[in-house]
Amino acid sequence: MQASHSASKPQPRVDDLWLWLSLLAIFLWTLIPIQGFDIWFYLEVGRQIVEEHHIPWTDSYLGTTDVYAFGRHANHAWISHAIFYLFYKGFGLPGLLALRSLLITSTAFFTYLNCRLANLSKPWSAVLILLGVFTMRSRFLLRSVLFTDLFLALLLFILMRFERTEGAKFPYFKLCALFVFWTNTHQGVSIGGICLFLWLITRRLSPKVCFAALLTGGVSTLVRPYGWWYPWFFTEHFGNSAAVRGVLEWTPLGATQVFKLLGPLLLVTALGVAGVVYKRTVPWGDLVFGLIFLGLALRSQRAVGELLPVFIPTLAALLARLNPSRKLLLPSLLCLSGLFYGGWLGVPWSRMAELDPKYPEGLIAELPVDHGQIFNSYEFGGYLIFRRQAPFIHGTTALFQEQLVLDFYKILNGGPERNHLLEQFKVSEAMIHHPTADDSTEGFLKFLADSPEWHLHWWDDSGYYFRKGESHALKAVKPWEKKPWTDPSLALNELNFMLERRPSGLAYYLRGQLRLEKGELQEALHDLKLSLSHTPDYYPALLAAGTTSFRLQDFPRAQTYLKQAVRVNPTAIAHFNLGLLLVQTGRAGEARGHLEKALEAQPNFTPARDLLEQIP
């Protein structure tokens with residue numbers, strides 16, 4: 001028994017200007033530098049699939065454990081990892097950037113078609129996919145979950161086409177093909193099953209069709225290597241609360257995050273719901289279906305990405321009932337343009353291939369062939385895997401023995417078990433990032449620096465490499481301390497040695513500081529320029545280059561550096577120095593604004609207040 005259908009309506013066309021202009025804007029807007037550190041794990045898995053012709057089905061890649069947090073774990077996303085590696089091998093980092101934008105744009109493409117299937121006009125469909133992409137901007141990480149977002153949109157496209165076409169048979173074959181590919185591409189196939197179930201029960205379909213469709217999707221999900229493990233893996237995965245709590249993307253959104261990420265979408269949704277309730281034309285099936293996914297997004301950061309492919313067509317169904325006036329179109333586009341502009345990173349094309357965070361390429365180059373177990377900062381783990389080094393921990397360690405994560409924090413945070421754990425895991429190398437205000441790295445650095453067994457072997461813009469045992473032992477400079485040296489001569493010799501061997505922005509910056517202490521302004525500025533050529537947004541170097549140029553009376557150059565410093569880190573001292581420069585060059589009106597911002601950042605900053613009072 002087939003579903004009853006309304007009269008057949010024209011199918012959506014893909015040759016309209018609204019669609020392609022929107023997709024072009026989305027593709028360009030999502031071209032941002034690679035962020036997140038799991039990509040290197042994916043690339044290593046993909047490398048083994050493509051080059052060694054086998055799926056590393058249960059490899060942990062850790063040097064510390066192969067014990068799984070779940071009884072049955074497997075690398076289910078093997079196809080997506082192979083695709084990542086092929087793009088990386090063929091086109092490098094630009095290829096990965098393009099792949100991410102292509103996946104997001106493809107999701108927007110099918111979502112647009114779904115909005116048209118919901119009978120929403122072309123321009124308003126374009127507005128909605130732009131709003132959806134803006135809402136999911138926190139999910140612009142190059143991860144296999146982007147395939148799930150795309151397949152959710154494709155799943156709804158298949159279902160909505162069936163619902164729209166009179167006399168159509170249920171597309172079991174298309175559903176089967178989609179789920180077979182999906183289950184081998186990302187574990188999010190489970191949310192695809194949930195989406196299918198919710199869509200079916202919110203439509204007027206016969207029980208026979210619903211059962212057959214769910215059976216088709218469920219059986220297709222098992223068509224992968226070791227597919228019979230999937231039901232047990234699924235229950236163990238979500239039944240292991242200790243491991244699940246370790247996955248940050250499954251944490252609920254806070255009130256601030258809801259306002260920041262979902263604010264515009266929630267506003268449009270509230271207006272749409274109010275409108276259809278007022279007109280008494282509520283599409284209850286679509287509304288219930290969409291609100292469930294909106295609730296999932298509020299309960300999980302991961303589900304924010306699903307709002308574009310799943311919730312936006314629901315919103316389209318609401319707006320289609322309201323038939324919004326074209327007079328509202330221009331204000332809506334202007335508001336969206338403002339949102340997109342405010343959320344744009346504004347990264348120059350020349351810096352698209354930069355990585356965040358900085359990975360320890362130079363530190364790995366210092367590793368001896370016969371090195372032992374590495375203790376690494378969390379974000380370095382995936383990159384170490386890609387460089388064929390077994391880390392202590394990496395981004396997917398939550399899938400493995402959860403006790404290892406606890407041991408990692410015990411070592412990092414200190415305490416009576418630290419030395420015992422280092423011995424237990426036979427740690428002989430340590431690679432850790434530069435300390436920040438919100439982690440325990442500085443304490444661990446001091447522990448290593450003060451220990452007679454450990455020696456600082458190398459450091460650069462990514463972090464520090466300590467070795468246990470023999471080393472050339474860098475002792476004269478400790479970059480993590482406020483006063484990095486006690487003997488300037490020894491420090492200068494050590495920095496010269498490092499810069500000759502492997503230059504880094506931090507080493508150039510510190511040598512520039514040494515030369516400033518000696519009053520060698522031109523030489524110091526030269527080093528600061530070299531520092532910024534390695535790390536263009538390094539705030540201390542920008543501030544130092546600006547003040548040094550000011551002292552050399554090179555005011556245009558000083559202004560350039562100080563404006564960039566204010567952009568990178570709007571501190572009181574940066575605003576004050578820029579204000580002082582502007583006063584010096586006869587632009588007191590412009591200087592006033594920066595001095596006021598300096599006082600906003602630091603109300604008791606007396607020099608800024610005194611200078612502000614002198615301005616007429």
# chains A, B, ... in the order shown; residues from 1 in each chain; ligands from 1
$ residues_around --residues "segment 27-32 of chain A" --least-positions-apart "3" --cutoff "9 Å" --atoms "only C-alpha atoms" --output "PyMOL selection string"
chain A and resi 22-24+35+97-98+100-102+104-105+137+140+340+344-347+352-353
$ residues_around --residues "His394 of chain A" --least-positions-apart "6" --cutoff "6 Å" --atoms "only C-alpha atoms" --output "list in words"
Tyr378, Gly381 and Gly382 of chain A
$ residues_around --residues "segment 168-172 of chain A" --least-positions-apart "2" --cutoff "8 Å" --atoms "only C-alpha atoms" --output "compact mmCIF listing (two decimals) with C-alpha atoms, in the first residue's frame"
# COMPACT_ATOMS: atom_id res chain seq x y z
CA GLN A 2 1.49 3.29 -1.07
CA ILE A 158 14.95 11.15 -1.46
CA LEU A 159 12.05 11.03 1.01
CA PHE A 162 8.86 10.39 -2.98
CA THR A 165 5.54 12.56 -6.66
CA GLU A 166 2.07 11.10 -7.20
CA LYS A 174 17.99 4.50 -3.23
CA LEU A 175 17.58 4.22 0.53
CA CYS A 176 19.64 1.03 0.58
CA VAL A 209 5.81 0.78 4.07
CA ALA A 213 11.73 1.21 4.95
CA THR A 216 15.91 -1.62 4.52
$ select_by_dssp --residues "segment 208-424 of chain A" --states "alpha helix (DSSP H)" --output "NGL selection string"
:A and (208-221 or 230-239 or 241-245 or 255-279 or 284-299 or 312-322 or 329-343 or 361-365 or 381-386 or 402-413 or 418-424)
$ closest_residue --among "A:Lys426, A:Met136, A:Asp537, A:Lys478" --to "Pro264 of chain A" --atoms "only C-alpha atoms"
A:Met136
$ closest_atom_pairs --of "segment 296-385 of chain A" --to "segment 398-412 of chain A" --cutoff "10 Å" --atoms "only C-alpha atoms" --output "Markdown table"
| residue | atom | partner | partner_atom | distance |
| --- | --- | --- | --- | --- |
| A:Phe375 | CA | A:Phe408 | CA | 8.5 |
| A:Asn376 | CA | A:Phe408 | CA | 9.2 |
| A:Ser377 | CA | A:Leu412 | CA | 9.0 |
| A:Tyr378 | CA | A:Phe408 | CA | 9.1 |
$ write_last_selection --atoms "C-alpha atoms" --output "PDB file, in the first residue's frame"
ATOM      1  CA  PHE A 375      54.382  12.213  26.490  1.00  0.00           C
ATOM      2  CA  ASN A 376      52.590  14.775  24.319  1.00  0.00           C
ATOM      3  CA  SER A 377      50.116  17.603  24.547  1.00  0.00           C
ATOM      4  CA  TYR A 378      46.658  16.421  23.569  1.00  0.00           C
TER       5      TYR A 378
END
$ atom_distance --atom1 "atom CA of Tyr538 of chain A" --atom2 "atom CA of Val568 of chain A"
8.1 Å
$ closest_residue --among "A:Arg139, A:Leu384, A:Thr281, A:Leu367" --to "Ser300 of chain A" --atoms "only C-alpha atoms"
A:Arg139
$ decode --residues "segment 344-371 of chain A" --atoms "N, CA and C atoms" --output "PDB file, in the first residue's frame"
ATOM      1  N   TRP A 344      33.003  36.377   9.443  1.00  0.00           N
ATOM      2  CA  TRP A 344      34.088  36.038   8.516  1.00  0.00           C
ATOM      3  C   TRP A 344      35.429  36.266   9.184  1.00  0.00           C
ATOM      4  N   LEU A 345      36.324  35.307   9.035  1.00  0.00           N
ATOM      5  CA  LEU A 345      37.647  35.428   9.646  1.00  0.00           C
ATOM      6  C   LEU A 345      38.535  36.427   8.923  1.00  0.00           C
ATOM      7  N   GLY A 346      38.250  36.672   7.659  1.00  0.00           N
ATOM      8  CA  GLY A 346      39.043  37.640   6.911  1.00  0.00           C
ATOM      9  C   GLY A 346      40.488  37.212   6.729  1.00  0.00           C
ATOM     10  N   VAL A 347      40.733  35.922   6.513  1.00  0.00           N
ATOM     11  CA  VAL A 347      42.101  35.414   6.379  1.00  0.00           C
ATOM     12  C   VAL A 347      42.586  35.620   4.944  1.00  0.00           C
ATOM     13  N   PRO A 348      43.754  36.231   4.744  1.00  0.00           N
ATOM     14  CA  PRO A 348      44.270  36.412   3.384  1.00  0.00           C
ATOM     15  C   PRO A 348      44.494  35.062   2.705  1.00  0.00           C
ATOM     16  N   TRP A 349      44.357  35.042   1.390  1.00  0.00           N
ATOM     17  CA  TRP A 349      44.562  33.806   0.654  1.00  0.00           C
ATOM     18  C   TRP A 349      45.946  33.225   0.887  1.00  0.00           C
ATOM     19  N   SER A 350      46.945  34.093   1.060  1.00  0.00           N
ATOM     20  CA  SER A 350      48.315  33.619   1.245  1.00  0.00           C
ATOM     21  C   SER A 350      48.498  32.827   2.527  1.00  0.00           C
ATOM     22  N   ARG A 351      47.537  32.974   3.475  1.00  0.00           N
ATOM     23  CA  ARG A 351      47.679  32.295   4.763  1.00  0.00           C
ATOM     24  C   ARG A 351      46.663  31.169   4.939  1.00  0.00           C
ATOM     25  N   MET A 352      46.005  30.798   3.847  1.00  0.00           N
ATOM     26  CA  MET A 352      44.991  29.755   3.932  1.00  0.00           C
ATOM     27  C   MET A 352      45.579  28.417   4.377  1.00  0.00           C
ATOM     28  N   ALA A 353      46.824  28.159   4.005  1.00  0.00           N
ATOM     29  CA  ALA A 353      47.423  26.860   4.313  1.00  0.00           C
ATOM     30  C   ALA A 353      48.026  26.794   5.711  1.00  0.00           C
ATOM     31  N   GLU A 354      47.872  27.857   6.508  1.00  0.00           N
ATOM     32  CA  GLU A 354      48.395  27.814   7.872  1.00  0.00           C
ATOM     33  C   GLU A 354      47.557  26.872   8.726  1.00  0.00           C
ATOM     34  N   LEU A 355      48.184  26.280   9.719  1.00  0.00           N
ATOM     35  CA  LEU A 355      47.517  25.314  10.579  1.00  0.00           C
ATOM     36  C   LEU A 355      47.328  25.881  11.977  1.00  0.00           C
ATOM     37  N   ASP A 356      46.215  25.513  12.580  1.00  0.00           N
ATOM     38  CA  ASP A 356      45.928  25.905  13.952  1.00  0.00           C
ATOM     39  C   ASP A 356      45.432  24.671  14.691  1.00  0.00           C
ATOM     40  N   PRO A 357      46.157  24.202  15.709  1.00  0.00           N
ATOM     41  CA  PRO A 357      47.345  24.808  16.303  1.00  0.00           C
ATOM     42  C   PRO A 357      48.602  24.542  15.471  1.00  0.00           C
ATOM     43  N   LYS A 358      49.729  25.096  15.940  1.00  0.00           N
ATOM     44  CA  LYS A 358      51.002  24.824  15.292  1.00  0.00           C
ATOM     45  C   LYS A 358      51.457  23.431  15.724  1.00  0.00           C
ATOM     46  N   TYR A 359      51.813  22.626  14.756  1.00  0.00           N
ATOM     47  CA  TYR A 359      52.190  21.246  15.053  1.00  0.00           C
ATOM     48  C   TYR A 359      53.710  21.115  15.163  1.00  0.00           C
ATOM     49  N   PRO A 360      54.175  20.127  15.940  1.00  0.00           N
ATOM     50  CA  PRO A 360      55.604  20.062  16.318  1.00  0.00           C
ATOM     51  C   PRO A 360      56.507  19.466  15.251  1.00  0.00           C
ATOM     52  N   GLU A 361      56.457  20.024  14.056  1.00  0.00           N
ATOM     53  CA  GLU A 361      57.298  19.525  12.976  1.00  0.00           C
ATOM     54  C   GLU A 361      58.776  19.575  13.358  1.00  0.00           C
ATOM     55  N   GLY A 362      59.224  20.743  13.863  1.00  0.00           N
ATOM     56  CA  GLY A 362      60.629  20.879  14.246  1.00  0.00           C
ATOM     57  C   GLY A 362      61.000  20.008  15.438  1.00  0.00           C
ATOM     58  N   LEU A 363      60.083  19.813  16.361  1.00  0.00           N
ATOM     59  CA  LEU A 363      60.360  18.970  17.526  1.00  0.00           C
ATOM     60  C   LEU A 363      60.519  17.515  17.104  1.00  0.00           C
ATOM     61  N   ILE A 364      59.676  17.058  16.179  1.00  0.00           N
ATOM     62  CA  ILE A 364      59.769  15.681  15.699  1.00  0.00           C
ATOM     63  C   ILE A 364      61.083  15.456  14.973  1.00  0.00           C
ATOM     64  N   ALA A 365      61.567  16.485  14.272  1.00  0.00           N
ATOM     65  CA  ALA A 365      62.845  16.359  13.556  1.00  0.00           C
ATOM     66  C   ALA A 365      64.000  16.116  14.508  1.00  0.00           C
ATOM     67  N   GLU A 366      63.836  16.474  15.781  1.00  0.00           N
ATOM     68  CA  GLU A 366      64.903  16.293  16.763  1.00  0.00           C
ATOM     69  C   GLU A 366      64.873  14.907  17.423  1.00  0.00           C
ATOM     70  N   LEU A 367      63.829  14.128  17.153  1.00  0.00           N
ATOM     71  CA  LEU A 367      63.730  12.811  17.783  1.00  0.00           C
ATOM     72  C   LEU A 367      64.819  11.871  17.279  1.00  0.00           C
ATOM     73  N   PRO A 368      65.506  11.164  18.166  1.00  0.00           N
ATOM     74  CA  PRO A 368      66.443  10.134  17.709  1.00  0.00           C
ATOM     75  C   PRO A 368      65.679   8.921  17.183  1.00  0.00           C
ATOM     76  N   VAL A 369      66.325   8.123  16.382  1.00  0.00           N
ATOM     77  CA  VAL A 369      65.667   6.964  15.782  1.00  0.00           C
ATOM     78  C   VAL A 369      65.194   5.990  16.854  1.00  0.00           C
ATOM     79  N   ASP A 370      65.986   5.808  17.887  1.00  0.00           N
ATOM     80  CA  ASP A 370      65.675   4.816  18.918  1.00  0.00           C
ATOM     81  C   ASP A 370      65.002   5.436  20.148  1.00  0.00           C
ATOM     82  N   HIS A 371      64.183   6.458  19.955  1.00  0.00           N
ATOM     83  CA  HIS A 371      63.566   7.131  21.093  1.00  0.00           C
ATOM     84  C   HIS A 371      62.528   6.233  21.754  1.00  0.00           C
TER      85      HIS A 371
END
